[in-house]
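Next comes my_file-v2.cif, a file with mmCIF, C-alpha atoms.
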data_work
loop_
_atom_site.label_atom_id
_atom_site.label_comp_id
_atom_site.auth_asym_id
_atom_site.auth_seq_id
_atom_site.Cartn_x
_atom_site.Cartn_y
_atom_site.Cartn_z
CA MET A 831 26.47 43.24 74.46
CA GLU A 832 23.07 44.86 75.14
CA LEU A 833 20.37 45.38 72.53
CA VAL A 834 19.11 48.93 73.16
CA ASP A 835 16.62 49.36 70.30
CA GLU A 836 15.93 48.23 66.76
CA LEU A 837 14.10 49.36 63.64
CA ARG A 838 12.67 47.18 60.87
CA VAL A 839 13.10 48.59 57.36
CA PRO A 840 10.78 47.21 54.63
CA ARG A 841 12.28 46.70 51.18
CA ASN A 842 10.91 48.83 48.36
CA THR A 843 11.41 46.10 45.76
CA GLY A 844 12.44 42.48 45.55
CA ALA A 845 11.56 39.49 47.68
CA ARG A 846 14.04 39.90 50.56
CA PRO A 847 12.54 40.12 54.05
CA ASP A 848 12.63 43.34 56.02
CA ALA A 849 16.04 44.52 57.14
CA THR A 850 16.81 45.39 60.76
CA ILE A 851 18.91 48.25 62.13
CA GLN A 852 19.97 47.40 65.68
CA LEU A 853 21.41 49.76 68.25
CA LEU A 854 23.65 47.93 70.71
CA ALA A 855 25.85 48.97 73.61
CA GLY A 856 29.06 47.10 74.28
CA ASP A 857 32.47 46.15 72.94
CA LEU A 858 32.77 45.08 69.30
CA ALA A 859 35.94 43.20 70.17
CA THR A 860 33.84 40.75 72.22
CA LEU A 861 30.82 40.01 70.03
CA PRO A 862 28.80 37.14 71.51
CA PRO A 863 27.61 34.26 69.28
CA GLU A 864 24.05 35.61 69.07
CA HIS A 865 25.43 38.76 67.42
CA ALA A 866 27.82 37.01 65.02
CA VAL A 867 28.36 38.94 61.77
CA ASP A 868 29.73 38.36 58.30
CA VAL A 869 31.62 41.67 58.32
CA LEU A 870 33.01 43.81 61.11
CA VAL A 871 33.73 47.43 60.19
CA VAL A 872 37.01 48.82 61.52
CA SER A 873 38.62 52.20 60.87
CA ALA A 874 42.33 52.96 60.84
CA PHE A 875 44.81 55.64 59.96
CA PRO A 876 46.41 55.05 56.52
CA GLY A 877 48.50 51.90 56.64
CA ASN A 878 48.67 52.00 60.43
CA TYR A 879 47.16 49.03 62.27
CA ASP A 880 49.09 49.36 65.51
CA PRO A 881 47.04 48.20 68.53
CA ILE A 882 46.41 51.47 70.34
CA ARG A 883 44.76 50.94 73.71
CA GLY A 884 41.17 52.15 73.87
CA THR A 885 40.51 51.63 70.16
CA LEU A 886 38.70 48.77 68.46
CA VAL A 887 41.96 47.71 66.80
CA GLY A 888 43.58 47.66 70.23
CA GLY A 889 40.72 45.68 71.75
CA LEU A 890 40.91 43.05 69.01
CA PHE A 891 44.68 42.75 69.50
CA GLU A 892 44.34 42.23 73.25
CA ARG A 893 42.11 39.23 72.53
CA GLY A 894 44.36 37.75 69.84
CA LEU A 895 43.37 39.32 66.52
CA ASP A 896 46.20 41.43 65.06
CA MET A 897 44.99 43.81 62.34
CA ARG A 898 48.55 43.94 61.00
CA ASP A 899 48.19 40.27 60.05
CA VAL A 900 44.68 40.79 58.66
CA ALA A 901 45.93 43.65 56.47
CA ARG A 902 48.44 41.34 54.79
CA HIS A 903 45.57 39.25 53.40
CA LYS A 904 43.28 41.63 51.56
CA GLU A 905 40.58 40.20 49.29
CA GLU A 906 40.05 43.53 47.50
CA ASP A 907 41.96 46.76 48.04
CA GLU A 908 39.91 49.80 47.05
CA ARG A 909 41.77 52.41 49.10
CA MET A 910 42.63 54.45 46.00
CA ARG A 911 39.00 54.89 44.88
CA LEU A 912 36.95 54.25 48.02
CA GLY A 913 39.38 54.52 50.92
CA CYS A 914 38.70 50.99 52.16
CA TRP A 915 39.67 47.33 51.79
CA LEU A 916 38.02 43.98 52.48
CA SER A 917 39.95 41.18 54.13
CA SER A 918 40.03 37.58 53.00
CA PRO A 919 37.84 35.26 55.09
CA LEU A 920 39.26 35.01 58.59
CA PRO A 921 40.61 31.60 59.73
CA PRO A 922 37.97 29.25 61.21
CA MET A 923 39.50 29.42 64.70
CA THR A 924 39.39 33.23 64.59
CA VAL A 925 35.77 33.18 63.40
CA ALA A 926 34.88 30.82 66.27
CA GLN A 927 36.48 33.16 68.81
CA PHE A 928 35.41 36.58 67.53
CA HIS A 929 32.20 35.62 65.65
CA VAL A 930 33.31 37.71 62.67
CA GLY A 931 33.76 36.42 59.10
CA ARG A 932 35.73 39.28 57.54
CA ILE A 933 37.05 42.75 58.30
CA LEU A 934 36.06 45.79 56.26
CA CYS A 935 38.67 48.43 57.04
CA PHE A 936 38.09 52.14 56.36
CA GLU A 937 41.10 54.36 55.87
CA PRO A 938 39.34 57.67 55.21
CA ARG A 939 42.51 59.75 55.34
CA TYR A 940 44.36 57.71 52.73
CA ARG A 941 46.01 60.53 50.79
CA PRO A 942 45.63 59.23 47.20
CA PHE A 943 41.93 58.68 47.90
CA LEU A 944 41.43 62.21 49.22
CA GLU A 945 43.35 63.71 46.31
CA ALA A 946 41.45 61.73 43.68
CA THR A 947 37.94 62.25 45.05
CA GLY A 948 38.14 65.67 46.73
CA ILE A 949 36.05 64.35 49.63
CA ASP A 950 36.03 66.48 52.77
CA ILE A 951 36.30 63.77 55.40
CA ASP A 952 35.34 66.28 58.10
CA ASN A 953 31.98 66.87 56.39
CA ILE A 954 29.38 64.63 58.05
CA GLU A 955 27.22 64.14 54.96
CA GLN A 956 30.24 63.21 52.84
CA THR A 957 31.58 60.92 55.56
CA VAL A 958 28.30 59.01 55.77
CA GLY A 959 28.13 58.73 51.98
CA PHE A 960 31.69 57.41 51.96
CA ILE A 961 30.81 54.75 54.56
CA PHE A 962 27.95 53.31 52.54
CA ARG A 963 29.78 53.61 49.23
CA CYS A 964 32.40 51.26 50.69
CA LEU A 965 29.86 48.90 52.23
CA ASN A 966 27.74 48.79 49.06
CA ASN A 967 30.77 47.95 46.92
CA PHE A 968 31.13 44.60 48.67
CA ALA A 969 27.57 43.94 49.82
CA ILE A 970 25.80 44.28 46.45
CA PRO A 971 26.25 40.95 44.66
CA ASP A 972 26.13 40.49 40.93
CA TRP A 973 22.83 38.80 40.18
CA GLU A 974 24.45 36.71 37.44
CA GLY A 975 26.96 35.30 39.93
CA ARG A 976 30.09 36.93 38.51
CA ARG A 977 31.08 38.69 41.74
CA SER A 978 29.59 38.07 45.17
CA PHE A 979 30.51 38.22 48.87
CA GLN A 980 28.51 37.10 51.90
CA VAL A 981 27.64 40.37 53.65
CA SER A 982 24.19 39.85 55.15
CA ARG A 983 25.09 40.77 58.76
CA VAL A 984 27.28 43.80 59.47
CA ALA A 985 28.48 45.42 62.69
CA MET A 986 30.02 48.88 62.92
CA PRO A 987 30.90 51.38 65.62
CA LEU A 988 29.26 54.79 65.73
CA VAL A 989 31.82 56.09 63.27
CA ALA A 990 33.72 59.38 63.58
CA THR A 991 32.47 60.06 67.12
CA GLY A 992 35.59 58.71 68.83
CA ASN A 993 39.00 60.12 68.00
CA GLN A 994 37.49 62.33 65.27
CA ALA A 995 35.21 63.89 67.93
CA VAL A 996 32.16 64.40 65.69
CA PRO A 997 29.15 65.05 67.99
CA VAL A 998 26.82 62.05 68.15
CA GLU A 999 23.87 64.45 67.72
CA ASP A 1000 25.20 65.26 64.25
CA MET A 1001 26.47 61.86 63.12
CA CYS A 1002 23.77 59.49 64.38
CA PRO A 1003 20.71 60.88 62.49
CA SER A 1004 22.67 61.12 59.23
CA LEU A 1005 24.01 57.58 59.63
CA LEU A 1006 20.54 56.17 60.36
CA ASP A 1007 18.96 58.05 57.46
CA ALA A 1008 21.56 56.72 55.00
CA ALA A 1009 21.27 53.18 56.38
CA ALA A 1010 17.48 53.16 56.10
CA PHE A 1011 17.67 54.51 52.54
CA TRP A 1012 20.08 51.86 51.23
CA LEU A 1013 18.39 49.00 53.07
CA ALA A 1014 15.01 50.04 51.66
CA GLN A 1015 16.54 50.15 48.18
CA GLY A 1016 17.37 46.46 48.56
CA LEU A 1017 20.94 46.43 49.87
CA PRO A 1018 21.25 42.73 50.82
CA VAL A 1019 22.22 43.37 54.43
CA ASP A 1020 19.63 41.78 56.72
CA GLU A 1021 21.06 43.05 60.01
CA LEU A 1022 23.05 46.25 60.49
CA LYS A 1023 24.35 46.54 64.04
CA ILE A 1024 25.46 49.99 65.20
CA VAL A 1025 27.38 49.62 68.46
CA VAL A 1026 27.99 52.33 71.05
CA PHE A 1027 31.14 51.67 73.06
CA ASP A 1028 31.36 54.68 75.39
CA PRO A 1029 28.80 54.40 78.25
CA ALA A 1030 28.67 58.20 78.37
CA ASP A 1031 27.15 58.24 74.86
CA ARG A 1032 24.65 55.44 75.41
CA GLN A 1033 21.61 57.46 76.51
CA ARG A 1034 22.16 60.26 73.99
CA VAL A 1035 22.40 57.77 71.13
CA ALA A 1036 19.37 55.85 72.45
CA ASP A 1037 17.36 59.10 72.40
CA LEU A 1038 18.51 59.88 68.88
CA PHE A 1039 17.63 56.38 67.70
CA ALA A 1040 14.18 56.57 69.32
CA ALA A 1041 13.46 59.93 67.71
CA PHE A 1042 14.53 58.68 64.29
CA LYS A 1043 12.51 55.49 64.70
CA ALA A 1044 9.32 57.36 65.61
CA SER A 1045 9.75 59.67 62.63
CA TYR A 1046 10.50 56.78 60.29
CA LEU A 1047 7.43 54.79 61.37
CA ARG A 1048 5.17 57.81 60.91
CA ARG A 1049 6.71 58.56 57.52
CA HIS A 1050 6.07 55.00 56.36
CA ALA A 1051 2.61 54.53 57.81
CA PRO A 1052 0.24 52.74 55.35
CA LYS A 1053 -1.41 54.97 52.80
CA VAL A 1054 -4.85 54.56 51.26
CA THR A 1055 -4.56 52.31 48.22
CA ALA A 1056 -8.17 51.39 47.46
CA GLY A 1057 -10.28 53.72 45.31
CA ARG A 1058 -13.02 55.81 46.91
CA GLY A 1059 -15.69 54.02 44.96
CA THR A 1060 -14.66 50.45 45.79
CA ALA A 1061 -16.47 48.34 48.37
CA GLU A 1062 -13.31 47.92 50.45
CA GLY A 1063 -12.18 51.54 50.22
CA TRP A 1064 -13.69 52.64 53.52
CA LYS A 1065 -12.10 49.69 55.36
CA GLN A 1066 -8.66 50.52 53.98
CA GLN A 1067 -9.07 54.19 54.85
CA LEU A 1068 -10.20 53.34 58.39
CA ALA A 1069 -7.24 50.98 58.87
CA ASP A 1070 -4.82 53.62 57.61
CA THR A 1071 -6.32 56.27 59.89
CA ILE A 1072 -6.04 53.99 62.91
CA ALA A 1073 -2.43 53.14 62.02
CA ARG A 1074 -1.46 56.79 61.74
CA GLU A 1075 -3.16 57.65 65.04
CA VAL A 1076 -1.43 54.77 66.83
CA ILE A 1077 1.95 55.84 65.49
CA GLU A 1078 1.37 59.48 66.42
CA ARG A 1079 0.28 58.55 69.95
CA THR A 1080 3.24 56.18 70.32
CA GLU A 1081 5.62 58.93 69.26
CA GLN A 1082 4.05 61.38 71.69
CA HIS A 1083 4.24 58.82 74.52
CA LEU A 1084 7.89 58.14 73.67
CA ARG A 1085 8.71 61.86 73.70
CA GLU A 1086 6.99 62.32 77.07
CA SER A 1087 8.75 59.25 78.56
CA VAL A 1088 12.19 60.39 77.44
CA LEU A 1089 11.54 63.94 78.67
CA ALA A 1090 10.40 62.61 82.05
CA ALA A 1091 13.64 60.62 82.38
CA ALA A 1092 15.80 63.67 81.67
CA ALA A 1093 17.72 64.84 84.72
CA SER A 1094 18.00 68.55 83.90
CA ASP A 1095 16.49 71.36 81.86
CA GLU A 1096 19.48 71.11 79.52
CA GLU A 1097 18.79 67.42 78.83
CA ARG A 1098 15.08 68.10 78.28
CA ALA A 1099 15.90 70.83 75.79
CA ARG A 1100 18.27 68.46 73.97
CA VAL A 1101 15.64 65.71 73.80
CA SER A 1102 13.07 68.11 72.35
CA GLU A 1103 15.58 69.23 69.74
CA LEU A 1104 16.24 65.60 68.76
CA PHE A 1105 12.57 64.90 68.13
CA ASP A 1106 12.15 68.21 66.28
CA ARG A 1107 15.16 67.40 64.11
CA ALA A 1108 13.66 64.01 63.23
CA ALA A 1109 10.42 65.71 62.24
CA ARG A 1110 12.31 68.15 60.01
CA MET A 1111 14.10 65.23 58.33
CA GLU A 1112 10.71 63.59 57.76
CA GLY A 1113 9.28 66.71 56.16
CA SER A 1114 12.30 67.07 53.89
CA ALA A 1115 12.06 63.44 52.81
CA SER A 1116 8.32 63.52 52.16
CA GLY A 1117 8.76 66.57 49.96
CA ALA A 1118 11.30 64.75 47.81
CA THR A 1119 9.54 61.47 47.13
CA GLY A 1120 7.53 62.59 44.14
CA GLU A 1121 8.73 62.06 40.61
CA ALA A 1122 10.85 64.88 39.25
CA ASP A 1123 8.78 65.33 36.11
CA GLY A 1124 6.09 62.67 36.27
CA GLY A 1125 7.55 60.35 33.65
CA ASP A 1126 10.00 57.57 32.81
CA TYR A 1127 13.30 57.62 30.90
CA ASP A 1128 14.69 55.55 28.08
CA VAL A 1129 18.31 56.17 29.11
CA PHE A 1130 20.03 57.33 32.28
CA VAL A 1131 23.53 58.56 31.41
CA SER A 1132 26.02 58.42 34.30
CA TYR A 1133 29.30 60.26 33.72
CA ALA A 1134 32.01 62.37 35.29
CA HIS A 1135 31.52 66.06 34.62
CA LYS A 1136 35.06 66.36 33.24
CA GLN A 1137 33.69 64.46 30.23
CA ASP A 1138 30.76 66.84 29.79
CA ALA A 1139 31.66 67.77 26.18
CA GLU A 1140 31.94 64.15 25.01
CA VAL A 1141 28.73 63.16 26.78
CA ARG A 1142 26.80 66.01 25.16
CA GLU A 1143 27.75 64.59 21.78
CA PHE A 1144 26.62 61.14 22.90
CA VAL A 1145 23.26 62.50 24.10
CA ASP A 1146 22.83 64.45 20.85
CA ALA A 1147 23.45 61.22 18.94
CA LEU A 1148 20.82 59.43 21.02
CA ARG A 1149 18.26 62.13 20.27
CA LEU A 1150 19.21 62.28 16.59
CA ARG A 1151 18.53 58.55 16.30
CA ASP A 1152 15.24 58.87 18.19
CA PRO A 1153 13.94 62.43 18.79
CA SER A 1154 11.34 61.07 21.23
CA ALA A 1155 13.94 59.39 23.46
CA ARG A 1156 13.84 60.57 27.06
CA VAL A 1157 17.37 60.91 28.39
CA PHE A 1158 18.30 61.72 31.97
CA TYR A 1159 21.77 63.21 32.23
CA ASP A 1160 21.55 66.83 33.45
CA ARG A 1161 21.66 66.88 37.25
CA GLN A 1162 21.73 70.66 37.65
CA SER A 1163 17.99 70.76 38.34
CA ILE A 1164 18.31 68.42 41.36
CA PRO A 1165 18.50 70.25 44.70
CA ILE A 1166 21.81 69.90 46.49
CA GLY A 1167 21.61 68.28 49.90
CA GLY A 1168 20.58 65.12 51.67
CA GLN A 1169 17.69 64.37 49.28
CA TRP A 1170 19.91 64.39 46.18
CA LEU A 1171 20.49 60.64 46.30
CA LYS A 1172 16.77 59.93 46.62
CA HIS A 1173 16.11 61.91 43.41
CA ILE A 1174 18.88 60.05 41.60
CA SER A 1175 17.69 56.66 42.79
CA ASP A 1176 14.15 57.46 41.67
CA ALA A 1177 15.41 58.41 38.19
CA VAL A 1178 17.51 55.22 37.95
CA GLN A 1179 14.51 53.10 38.94
CA ARG A 1180 12.42 54.71 36.19
CA SER A 1181 14.99 54.31 33.40
CA ARG A 1182 14.96 51.47 30.89
CA VAL A 1183 18.76 51.51 30.44
CA PHE A 1184 21.58 52.82 32.63
CA VAL A 1185 24.71 53.85 30.69
CA ALA A 1186 27.99 54.40 32.56
CA ILE A 1187 30.61 56.41 30.66
CA LEU A 1188 33.74 54.93 32.24
CA SER A 1189 37.03 56.76 32.76
CA PRO A 1190 39.51 57.34 35.60
CA ASP A 1191 37.48 60.44 36.46
CA TYR A 1192 34.34 58.30 36.68
CA SER A 1193 35.79 55.78 39.12
CA ALA A 1194 37.19 58.67 41.22
CA SER A 1195 33.82 60.43 41.47
CA PRO A 1196 31.69 59.79 44.59
CA VAL A 1197 28.62 60.91 42.62
CA CYS A 1198 29.27 58.34 39.90
CA TRP A 1199 29.76 55.60 42.48
CA ASP A 1200 26.38 56.45 44.04
CA GLU A 1201 24.65 56.35 40.67
CA PHE A 1202 26.30 53.09 39.65
CA GLN A 1203 25.44 51.42 42.96
CA CYS A 1204 21.80 52.48 42.62
CA ALA A 1205 21.77 50.77 39.22
CA LYS A 1206 23.49 47.66 40.63
CA LEU A 1207 20.83 47.38 43.32
CA ARG A 1208 18.12 47.69 40.71
CA GLU A 1209 19.68 44.85 38.73
CA TYR A 1210 20.00 42.73 41.86
CA THR A 1211 16.46 43.26 43.16
CA THR A 1212 14.69 42.98 39.78
CA ARG A 1213 16.99 40.43 38.05
CA LEU A 1214 16.91 42.67 34.96
CA SER A 1215 19.97 43.61 32.94
CA VAL A 1216 19.88 47.41 32.80
CA ILE A 1217 23.56 48.47 33.00
CA ARG A 1218 25.55 49.22 29.84
CA THR A 1219 29.12 50.51 30.01
CA ILE A 1220 31.19 52.57 27.59
CA ARG A 1221 34.92 52.95 28.13
CA LEU A 1222 35.73 56.52 27.14
CA PHE A 1223 39.18 56.74 28.72
CA SER A 1224 41.13 53.72 29.97
CA GLU A 1225 42.64 53.14 33.38
CA GLN A 1226 45.16 50.56 34.45
CA VAL A 1227 42.78 48.57 36.65
CA MET A 1228 39.02 49.03 36.42
CA PRO A 1229 36.99 48.70 39.65
CA PRO A 1230 35.79 45.07 39.84
CA ILE A 1231 32.18 46.11 40.42
CA MET A 1232 32.28 47.91 37.04
CA GLY A 1233 34.84 45.77 35.22
CA ILE A 1234 32.62 42.67 35.14
CA TYR A 1235 30.55 44.27 32.34
CA SER A 1236 31.49 44.02 28.66
CA TYR A 1237 32.01 47.60 27.53
CA VAL A 1238 31.81 49.43 24.23
CA ASP A 1239 35.37 50.63 23.67
CA CYS A 1240 35.61 54.31 22.76
CA ALA A 1241 39.07 54.92 24.24
CA GLU A 1242 40.86 57.19 24.14
CA GLY A 1243 38.04 59.71 23.82
CA ASP A 1244 37.02 58.49 20.35
CA ARG A 1245 33.96 60.65 19.70
CA ARG A 1246 33.06 58.98 16.42
CA ARG A 1247 32.79 55.59 18.11
CA LEU A 1248 30.98 57.22 21.01
CA ARG A 1249 28.33 58.58 18.64
CA GLU A 1250 28.06 55.15 17.00
CA ALA A 1251 27.53 53.59 20.42
CA ALA A 1252 24.27 55.52 20.68
CA ASP A 1253 22.75 53.27 18.01
CA GLY A 1254 23.45 50.14 20.03
CA ILE A 1255 22.02 51.65 23.22
CA LEU A 1256 18.62 52.42 21.70
CA SER A 1257 18.36 49.40 19.43
#
Can I see the file as C-alpha cells?
Amino acid sequence: MELVDELRVPRNTGARPDATIQLLAGDLATLPPEHAVDVLVVSAFPGNYDPIRGTLVGGLFERGLDMRDVARHKEEDERMRLGCWLSSPLPPMTVAQFHVGRILCFEPRYRPFLEATGIDIDNIEQTVGFIFRCLNNFAIPDWEGRRSFQVSRVAMPLVATGNQAVPVEDMCPSLLDAAAFWLAQGLPVDELKIVVFDPADRQRVADLFAAFKASYLRRHAPKVTAGRGTAEGWKQQLADTIAREVIERTEQHLRESVLAAAASDEERARVSELFDRAARMEGSASGATGEADGGDYDVFVSYAHKQDAEVREFVDALRLRDPSARVFYDRQSIPIGGQWLKHISDAVQRSRVFVAILSPDYSASPVCWDEFQCAKLREYTTRLSVIRTIRLFSEQVMPPIMGIYSYVDCAEGDRRRLREAADGILS
C-alpha cells in the first residue's frame, strides 16, 4: 500500500483535530497494520456477495473473508432508505488479519431504495451525495451517548470507476469536494483513505488529487482578521499576503512539474484541464460562502415537499405566535447544484432550533437526510440540543438516527395538533 498524497482539512467548529484525506495506491483486501481502519467500504449488487475475481469482494474472499458470512450479521440495515448496511464488529481474528473493524456495504441498485428515493445512481453528484449520506448515518455519534459507532478511520475504493465505468476525471473531484465539505463540518472521521486499485488509473488520480489540493489550500489561505487601525493589523496582513503568495507559487510549481512529466500533448492538455477545473470549483465555492440574507433564524423547518400544505400551516402558526420570528423553510431561492448543500448547512448553523417534520416521505428524501445530518453534526460539534422532531405521519420503523428523539405526535396528519406544536417550538 503506497501513500501517494494527502490533504489536511481543518474543522470549522468543535475541538477535533484536523482531518486527513489520503490518496493511496494498492489493494484494499491487503491493508497493512499502519493503515488499519474502523470501517472498510465495500459495494455490491443487491443481495449478491459472491466472490467475483477482480473485485474487492473477491479479493477479500481469496484471503479468507467471505462477505456472504458478513452479510448475515448486520448491525443496522438501512438498504430501504439509504441503500447500505453496517456489519457487526468483525471477529478479533479477522480484525487482526485484515486490519478492518467493520464493513459498510453499499448496495446502490437496491430496488426498494431506488423506488423510494428516486435517486439516479448514474448521476455523479447524486452518487457522491448517496455515499456520504450512508457514511454520515453511522459516523455521526449522538452527543448524549444514545447511539454511537467507532468510525474515526475509513477506507474506500474510488467508487463507481470500476464496473460502473464512471471516468475518474468526473468522479474524483466530486468525491474530494464532498469529503472535504463534510470533514470540515465536523464529521468525526479523522482519516479518510481513498484507494486506487488499478495501476492504469494511478497517475490520473494523483494529478486530480494534486489539482484539488492546490485549489483547496488557496481557497482556505488565511484571511486578514485584525482591524486596519490596530497595532498588529499590518503584521497580520503581511503574513496573509506571504501565505497567499507561497500557495500560489506552490500551485504554479506543481502545475509545471506535472506538465513536464506528461508524456504527450494529450496528457498535457488533460493536466491543464484538471487544474482549470479545480480553479472553477474554487470560484464557485467562494461565491457561495456568504450568508444568504445576512441574518440568523429562529427556526429551520426540514420537511418533505409532499407535506408542503401541512408545513405551511405550521409556519403560519409560528408567525402568528411571534410575527418577528425568522423561519427558514422555503428552499426555492437556493441555486440548484453542487453549492446547494453549503447554503443549507450555513442556514442550519445560523438557526436556533431545527425542526424535522417526520413522515415516510421525509425518511425517503435525500434532501431531508442531508438537512438532518447537518443538524446532527451541529449538535455533535457544539454539544447544544437544537433538533426537535414532529411526527406528522407514522412509519413502521423510524430511522434510528431520527428515532432517538422524543417527538411531538401529530399523526396521522393532525393539523390542529401541528399548529399547537408551534407554541412549544417558540416557547
Which residues fall under the PyMOL selection byres ((chain A and resi 939) around 8) in this file, as a list of chain:residue names?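 Selection result, ordered by chain and number: A:Phe875, A:Pro876, A:Gly913, A:Glu937, A:Pro938, A:Tyr940, A:Arg941, A:Phe943, A:Leu944, A:Ile951.
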Applied to the shown file, which residues does the PyMOL selection byres ((chain A and resi 1195) around 12) return, written as number ranges by chain? A: 910-912, 943-949, 960, 963, 1132-1137, 1187-1194, 1196-1202
Tell me which of A:Ala866, A:Ala1205, A:Val1025, A:Ile1255 sits closest to Asp835 in chain A, counting only C-alpha atoms.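 Closest candidate: A:Val1025.
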From the list A:Leu890, A:Ala926, A:Leu1013, A:Ile933, which residue is nearest Ala985 in chain A when using all atoms listed in the file?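 The answer is A:Ile933, which sits nearest to Ala985 in chain A.
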Determine the residue set returned by the PyMOL selection byres ((chain A and resi 1142) around 12) for the present structure, and present it as number ranges by chain. A: 1131-1141, 1143-1149, 1157-1160, 1187, 1245, 1248-1249, 1252
When you draw a straight line from CA of Asp868 in chain A to CA of Val981 in chain A, how long is it in Å? 5.5 Å
Rank A:Phe968, A:Trp1012, A:Tyr1237, A:Phe962 by their smallest atom-to-atom distance to Ala1186 in chain A, using all atoms listed in the file, and report the top residue only.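 Among the listed residues, A:Tyr1237 lies closest to Ala1186 in chain A.
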Minimum-distance residue to Leu965 in chain A, chosen among A:Ala1030, A:Val871, A:Leu886, A:Ile1024 (using only C-alpha atoms):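 With only C-alpha atoms as the atom set, the closest residue is A:Val871.
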If you count only C-alpha atoms, the residue of A:Asp1020, A:Asp880, A:Asp1244, A:Asp907 closest to Asp848 in chain A turns out to be A:Asp1020
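One finds CA of Val1185 in chain A at 6.0 Å from CA of Ile1217 in chain A.
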Since the input is missing atoms, can you rebuild N, CA and C atoms for range 1027-1041 of chain A and write them as a short mmCIF file (atom, residue, chain, number, x, y, z; two decimals), in the coordinates of the input?
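The file below, result01.cif, is the result:
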data_model
loop_
_atom_site.label_atom_id
_atom_site.label_comp_id
_atom_site.auth_asym_id
_atom_site.auth_seq_id
_atom_site.Cartn_x
_atom_site.Cartn_y
_atom_site.Cartn_z
N PHE A 1027 30.15 52.20 72.12
CA PHE A 1027 31.14 51.67 73.06
C PHE A 1027 31.21 52.48 74.35
N ASP A 1028 31.20 53.80 74.24
CA ASP A 1028 31.36 54.68 75.39
C ASP A 1028 30.05 54.76 76.18
N PRO A 1029 30.04 54.33 77.45
CA PRO A 1029 28.80 54.40 78.25
C PRO A 1029 28.25 55.82 78.35
N ALA A 1030 29.13 56.82 78.26
CA ALA A 1030 28.67 58.20 78.37
C ALA A 1030 27.80 58.61 77.19
N ASP A 1031 27.94 57.91 76.05
CA ASP A 1031 27.15 58.24 74.86
C ASP A 1031 25.88 57.42 74.75
N ARG A 1032 25.74 56.41 75.60
CA ARG A 1032 24.65 55.44 75.41
C ARG A 1032 23.27 56.10 75.39
N GLN A 1033 22.95 56.90 76.41
CA GLN A 1033 21.61 57.46 76.51
C GLN A 1033 21.35 58.47 75.40
N ARG A 1034 22.35 59.28 75.08
CA ARG A 1034 22.16 60.26 73.99
C ARG A 1034 21.86 59.56 72.68
N VAL A 1035 22.62 58.49 72.38
CA VAL A 1035 22.40 57.77 71.13
C VAL A 1035 21.06 57.05 71.17
N ALA A 1036 20.67 56.51 72.33
CA ALA A 1036 19.37 55.85 72.45
C ALA A 1036 18.24 56.84 72.17
N ASP A 1037 18.37 58.07 72.67
CA ASP A 1037 17.36 59.10 72.40
C ASP A 1037 17.30 59.44 70.92
N LEU A 1038 18.46 59.58 70.31
CA LEU A 1038 18.51 59.88 68.88
C LEU A 1038 17.87 58.76 68.06
N PHE A 1039 18.18 57.52 68.42
CA PHE A 1039 17.63 56.38 67.70
C PHE A 1039 16.11 56.35 67.85
N ALA A 1040 15.62 56.59 69.07
CA ALA A 1040 14.18 56.57 69.32
C ALA A 1040 13.46 57.66 68.53
N ALA A 1041 14.07 58.84 68.47
CA ALA A 1041 13.46 59.93 67.71
C ALA A 1041 13.41 59.61 66.22
#
